[in-house]
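K.L.:
Okay, here's the structure, questions in a sec.
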Amino acid sequence: MANPTAFLREEYEKLVEGSLDWKLWVLEGPSAPHTVVNGREMIMLCSNNYLNLTNHPKVKEAAKRAIDRYGAGSGSVRPIAGNMEIHEELELRIARFKRCEAALVYSAGFTANEGLIPQLVDKGDVIISDELNHGSIIDGVRLTKADRMIYGHSDAGELEKALKEARKAEYRRILITTDGVFSMDGDLAPVDEIVELAEEYGAITYVDDAHGEGVLGDGGRGIASHFGVEGRVDIEMGTFSKAFGVMGGYVAGSLDLRLFALNKSRSWLLSASHSPAVTAACVAAIEVLETEPQWVRKLWENTNYFKQELKSLGFDTGISVTPITPVIVGESSVAKRLSERLFGMGIFALPIVFPMVARDKARIRTIMSAGLTREDLDTSLEAFEKAGRELKII
């Protein structure tokens, strides 16, 4: 009898053959500006830990205290017996930080998109989505029965054309979905233009701001703050796993949104609530952002310096305007060799290759941290220059 699971190995071996498989690196300590990876000390240039809050004393201490007070876990989903006062406190703090009515915490940003988007639209509705949206938005869209339209990346003109078509077709609801910061190129969606168009055509706006929270806007309040449209984006999705340095996702907006989501979103209803330690750490991370603005300032000082120096060396950094700075080298094999050379010089920066990006747009994706010193940046730049010249990239 044929082995019904033979495809598991066969498909994995095809990935290996095409150099498309993921190999897991092991951090032997915290995610920090200096860390040990596979036994070697490295400068970290590929973590989402923008503000180094994973290691902030207030964040760590809050997690420890929460275990002593509330225990190691919540014991249930929130609709039954897993809704602790600390979960309610976190959502109030998010709403205050985001300057909105209410918020709801999910287990992750992915589960927020995957669980909420399918509840917002149904048959007779339409989703209009940026062509480069994150996979979690794409999966959320696939779970709906709504029609779909795709507009060119950050192209407000194409978006308006789709909105006109949608209005002509007399859909019940129109939902516009977009990333705020696009994680491969580090560019921004024109959220101000999107909001204006949504208001003109009666559409709902849903912005995934995973890479904008803690990075953009007033005190790190995100892309709506950055563009001056706070209170006009209907649904903002954020995450605690990046700039906040912890774990989890959330949606922020109106009280109606919160009540709708907690009653209809199955990825929320059927997922155990965050452990007390994680929840308390998230609260503490918000407090740090509210009271210690130097971390966001330092992030941008480092970003501007590193990005400019890479450009001056002759590297192609694309269209990035955020702490995500790609070093675009073309062929996947070149990106992999560059990453290997950097690793050999103590720089941890991984390649992003096809199919995550176009075949001729392979890159090293660097992500800046407020925890890196100017010496760290100069050491990294020296390594990039040496490896870039060896591989004839520059």
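Please note that chains go A, B, ... in the order of the structure tokens, that every chain numbers its residues from 1, and that ligands are numbered from 1 in the order shown.
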Env of Phe354 of chain A: 8 Å cut, atoms = only C-alpha atoms, seq-sep filter 5 positions within chain, self excluded. Answer as a list in words.
P.N.:
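Once the nearby chain positions are removed, what remains is Leu20, Ser332, Arg359, Lys361 and Ala362 of chain A.
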K.L.:
Next, the residues of the selection above should be written as a tab-separated table (two decimals), in the first residue's frame with N, CA and C atoms.
P.N.:
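Final output, saved to selection11.tsv:
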chain	number	residue	atom	x	y	z
A	20	LEU	N	15.10	26.55	-1.29
A	20	LEU	CA	13.96	27.34	-0.82
A	20	LEU	C	13.50	26.92	0.57
A	332	SER	N	19.25	35.24	-5.99
A	332	SER	CA	19.15	34.60	-4.68
A	332	SER	C	20.49	34.07	-4.20
A	359	ARG	N	12.28	37.19	-8.38
A	359	ARG	CA	13.51	36.44	-8.63
A	359	ARG	C	14.74	37.35	-8.74
A	361	LYS	N	15.09	40.27	-7.27
A	361	LYS	CA	15.09	41.25	-6.19
A	361	LYS	C	15.50	40.64	-4.85
A	362	ALA	N	16.31	39.57	-4.88
A	362	ALA	CA	16.80	38.97	-3.63
A	362	ALA	C	17.59	40.02	-2.86
K.L.:
Hey, could you make a per-residue contact list for segment 253-321 of chain A against segment 57-72 of chain A with 12 Å as the cut-off, showing the nearest pair of atoms and its distance in Å to one decimal, counting only C-alpha atoms, sorted by chain and number, as JSON lines?
P.N.:
{"residue": "A:Ser273", "atom": "CA", "partner": "A:Ala72", "partner_atom": "CA", "distance": 11.7}
{"residue": "A:His274", "atom": "CA", "partner": "A:Ala72", "partner_atom": "CA", "distance": 10.0}
{"residue": "A:Ser275", "atom": "CA", "partner": "A:Ala72", "partner_atom": "CA", "distance": 6.3}
{"residue": "A:Pro276", "atom": "CA", "partner": "A:Ala66", "partner_atom": "CA", "distance": 5.6}
{"residue": "A:Ala277", "atom": "CA", "partner": "A:Ala63", "partner_atom": "CA", "distance": 4.0}
{"residue": "A:Val278", "atom": "CA", "partner": "A:Ala63", "partner_atom": "CA", "distance": 6.3}
{"residue": "A:Thr279", "atom": "CA", "partner": "A:Ala63", "partner_atom": "CA", "distance": 7.7}
{"residue": "A:Ala280", "atom": "CA", "partner": "A:Ala63", "partner_atom": "CA", "distance": 5.5}
{"residue": "A:Ala281", "atom": "CA", "partner": "A:Val59", "partner_atom": "CA", "distance": 4.9}
{"residue": "A:Cys282", "atom": "CA", "partner": "A:Val59", "partner_atom": "CA", "distance": 7.5}
{"residue": "A:Val283", "atom": "CA", "partner": "A:Val59", "partner_atom": "CA", "distance": 8.2}
{"residue": "A:Ala284", "atom": "CA", "partner": "A:Val59", "partner_atom": "CA", "distance": 5.1}
{"residue": "A:Ala285", "atom": "CA", "partner": "A:Val59", "partner_atom": "CA", "distance": 5.9}
{"residue": "A:Ile286", "atom": "CA", "partner": "A:Val59", "partner_atom": "CA", "distance": 9.3}
{"residue": "A:Glu287", "atom": "CA", "partner": "A:Lys58", "partner_atom": "CA", "distance": 9.0}
{"residue": "A:Val288", "atom": "CA", "partner": "A:Lys58", "partner_atom": "CA", "distance": 7.7}
{"residue": "A:Leu289", "atom": "CA", "partner": "A:Val59", "partner_atom": "CA", "distance": 11.1}
{"residue": "A:Thr291", "atom": "CA", "partner": "A:Lys58", "partner_atom": "CA", "distance": 11.6}
{"residue": "A:Glu292", "atom": "CA", "partner": "A:Lys58", "partner_atom": "CA", "distance": 11.4}
K.L.:
Take the residues just selected and output them with C-alpha atoms as a PDB file, in the first residue's frame.
P.N.:
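The resulting result.pdb:
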ATOM      1  CA  SER A 273      -5.810  34.031  26.521  1.00  0.00           C
ATOM      2  CA  HIS A 274      -2.300  35.354  26.985  1.00  0.00           C
ATOM      3  CA  SER A 275      -0.358  34.196  30.010  1.00  0.00           C
ATOM      4  CA  PRO A 276      -0.214  36.783  32.814  1.00  0.00           C
ATOM      5  CA  ALA A 277       3.523  37.275  32.272  1.00  0.00           C
ATOM      6  CA  VAL A 278       3.102  38.132  28.582  1.00  0.00           C
ATOM      7  CA  THR A 279       0.125  40.407  29.286  1.00  0.00           C
ATOM      8  CA  ALA A 280       1.929  42.318  32.023  1.00  0.00           C
ATOM      9  CA  ALA A 281       4.995  42.700  29.834  1.00  0.00           C
ATOM     10  CA  CYS A 282       2.799  44.217  27.102  1.00  0.00           C
ATOM     11  CA  VAL A 283       1.355  46.724  29.587  1.00  0.00           C
ATOM     12  CA  ALA A 284       4.860  47.628  30.731  1.00  0.00           C
ATOM     13  CA  ALA A 285       6.066  48.051  27.139  1.00  0.00           C
ATOM     14  CA  ILE A 286       3.302  50.600  26.495  1.00  0.00           C
ATOM     15  CA  GLU A 287       4.306  52.428  29.693  1.00  0.00           C
ATOM     16  CA  VAL A 288       7.911  52.568  28.506  1.00  0.00           C
ATOM     17  CA  LEU A 289       6.852  54.064  25.179  1.00  0.00           C
ATOM     18  CA  THR A 291       7.399  57.703  29.430  1.00  0.00           C
ATOM     19  CA  GLU A 292      10.726  57.088  27.668  1.00  0.00           C
TER      20      GLU A 292
END
K.L.:
DSSP on the backbone: which residues in segment 75-212 of chain A end up as helix (DSSP H, G or I)? Give the answer as a VMD selection string.
P.N.:
chain A and resid 85 to 98 109 to 120 135 to 142 156 to 168 191 to 201
K.L.:
Sort by chain and increasing residue number a table of all residues of segment 87-116 of chain A within 6 Å of segment 249-258 of chain A, each with its closest pair of atoms and their distance in Å to one decimal, counting only C-alpha atoms, and write it as a Markdown table.
P.N.:
| residue | atom | partner | partner_atom | distance |
| --- | --- | --- | --- | --- |
| A:Cys100 | CA | A:Gly253 | CA | 5.5 |
| A:Glu101 | CA | A:Ser254 | CA | 5.0 |
| A:Ala102 | CA | A:Leu255 | CA | 5.0 |
| A:Ala103 | CA | A:Ala252 | CA | 4.2 |
| A:Leu104 | CA | A:Tyr250 | CA | 5.4 |
| A:Val105 | CA | A:Tyr250 | CA | 4.2 |
| A:Tyr106 | CA | A:Gly249 | CA | 4.9 |
| A:Ser107 | CA | A:Gly249 | CA | 5.9 |
| A:Ala108 | CA | A:Gly249 | CA | 4.1 |
| A:Gly109 | CA | A:Gly249 | CA | 4.0 |
K.L.:
Can you build me a table of segment 248-296 of chain A residues sitting at most 12 Å from segment 117-120 of chain A, with the closest atom pair per residue and its distance in Å to one decimal, using only C-alpha atoms, sorted by chain and residue number, as JSON lines?
P.N.:
{"residue": "A:Val251", "atom": "CA", "partner": "A:Ile117", "partner_atom": "CA", "distance": 11.1}
{"residue": "A:Leu257", "atom": "CA", "partner": "A:Leu120", "partner_atom": "CA", "distance": 9.9}
{"residue": "A:Phe260", "atom": "CA", "partner": "A:Gln119", "partner_atom": "CA", "distance": 9.0}
{"residue": "A:Ala261", "atom": "CA", "partner": "A:Gln119", "partner_atom": "CA", "distance": 8.0}
{"residue": "A:Leu262", "atom": "CA", "partner": "A:Gln119", "partner_atom": "CA", "distance": 10.9}
{"residue": "A:Asn263", "atom": "CA", "partner": "A:Gln119", "partner_atom": "CA", "distance": 10.1}
{"residue": "A:Lys264", "atom": "CA", "partner": "A:Gln119", "partner_atom": "CA", "distance": 6.6}
{"residue": "A:Ser265", "atom": "CA", "partner": "A:Gln119", "partner_atom": "CA", "distance": 6.5}
{"residue": "A:Arg266", "atom": "CA", "partner": "A:Gln119", "partner_atom": "CA", "distance": 9.0}
{"residue": "A:Ser267", "atom": "CA", "partner": "A:Pro118", "partner_atom": "CA", "distance": 10.6}
{"residue": "A:Trp268", "atom": "CA", "partner": "A:Gln119", "partner_atom": "CA", "distance": 11.8}
K.L.:
Skip Tyr201 of chain A itself and residues of its chain fewer than 4 positions away, then list as a list in words all residues within 9 Å of it, counting only C-alpha atoms.
P.N.:
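Returned residues: Glu160, Leu163, Lys164, Arg167, Ile174, Glu196 and Leu197 of chain A.
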K.L.:
Report as a ChimeraX atom specification all protein, DNA and RNA residues lying within 9 Å of Lys145 of chain A, evaluated on only C-alpha atoms, omitting residues in the same chain fewer than 2 positions from it.
P.N.:
/A:118,121-126,141-143,147
K.L.:
List every residue of segment 223-299 of chain A that DSSP, applied to the backbone of this structure, assigns to strand (DSSP E), and report them as a compact mmCIF listing (two decimals) with N, CA and C atoms, in the first residue's frame.
P.N.:
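What follows is the written file part12.txt:
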# COMPACT_ATOMS: atom_id res chain seq x y z
N ILE A 235 -10.26 50.34 11.33
CA ILE A 235 -9.68 49.21 12.07
C ILE A 235 -8.18 49.25 11.91
N GLU A 236 -7.47 49.39 13.03
CA GLU A 236 -6.02 49.29 13.03
C GLU A 236 -5.62 48.00 13.71
N MET A 237 -4.83 47.19 13.02
CA MET A 237 -4.30 45.98 13.61
C MET A 237 -2.84 46.23 13.98
N GLY A 238 -2.48 45.88 15.20
CA GLY A 238 -1.09 46.04 15.65
C GLY A 238 -0.59 44.76 16.28
N THR A 239 0.68 44.76 16.60
CA THR A 239 1.28 43.58 17.22
C THR A 239 2.22 43.98 18.32
N GLY A 249 -1.22 40.14 19.25
CA GLY A 249 -1.75 41.10 18.31
C GLY A 249 -2.95 41.80 18.91
N TYR A 250 -3.42 42.85 18.25
CA TYR A 250 -4.63 43.52 18.72
C TYR A 250 -5.28 44.27 17.58
N VAL A 251 -6.56 44.56 17.74
CA VAL A 251 -7.24 45.49 16.86
C VAL A 251 -7.73 46.65 17.71
N ALA A 252 -7.65 47.85 17.14
CA ALA A 252 -8.03 49.05 17.87
C ALA A 252 -8.97 49.88 17.01
N GLY A 253 -9.96 50.50 17.65
CA GLY A 253 -10.91 51.33 16.92
C GLY A 253 -12.07 51.71 17.82
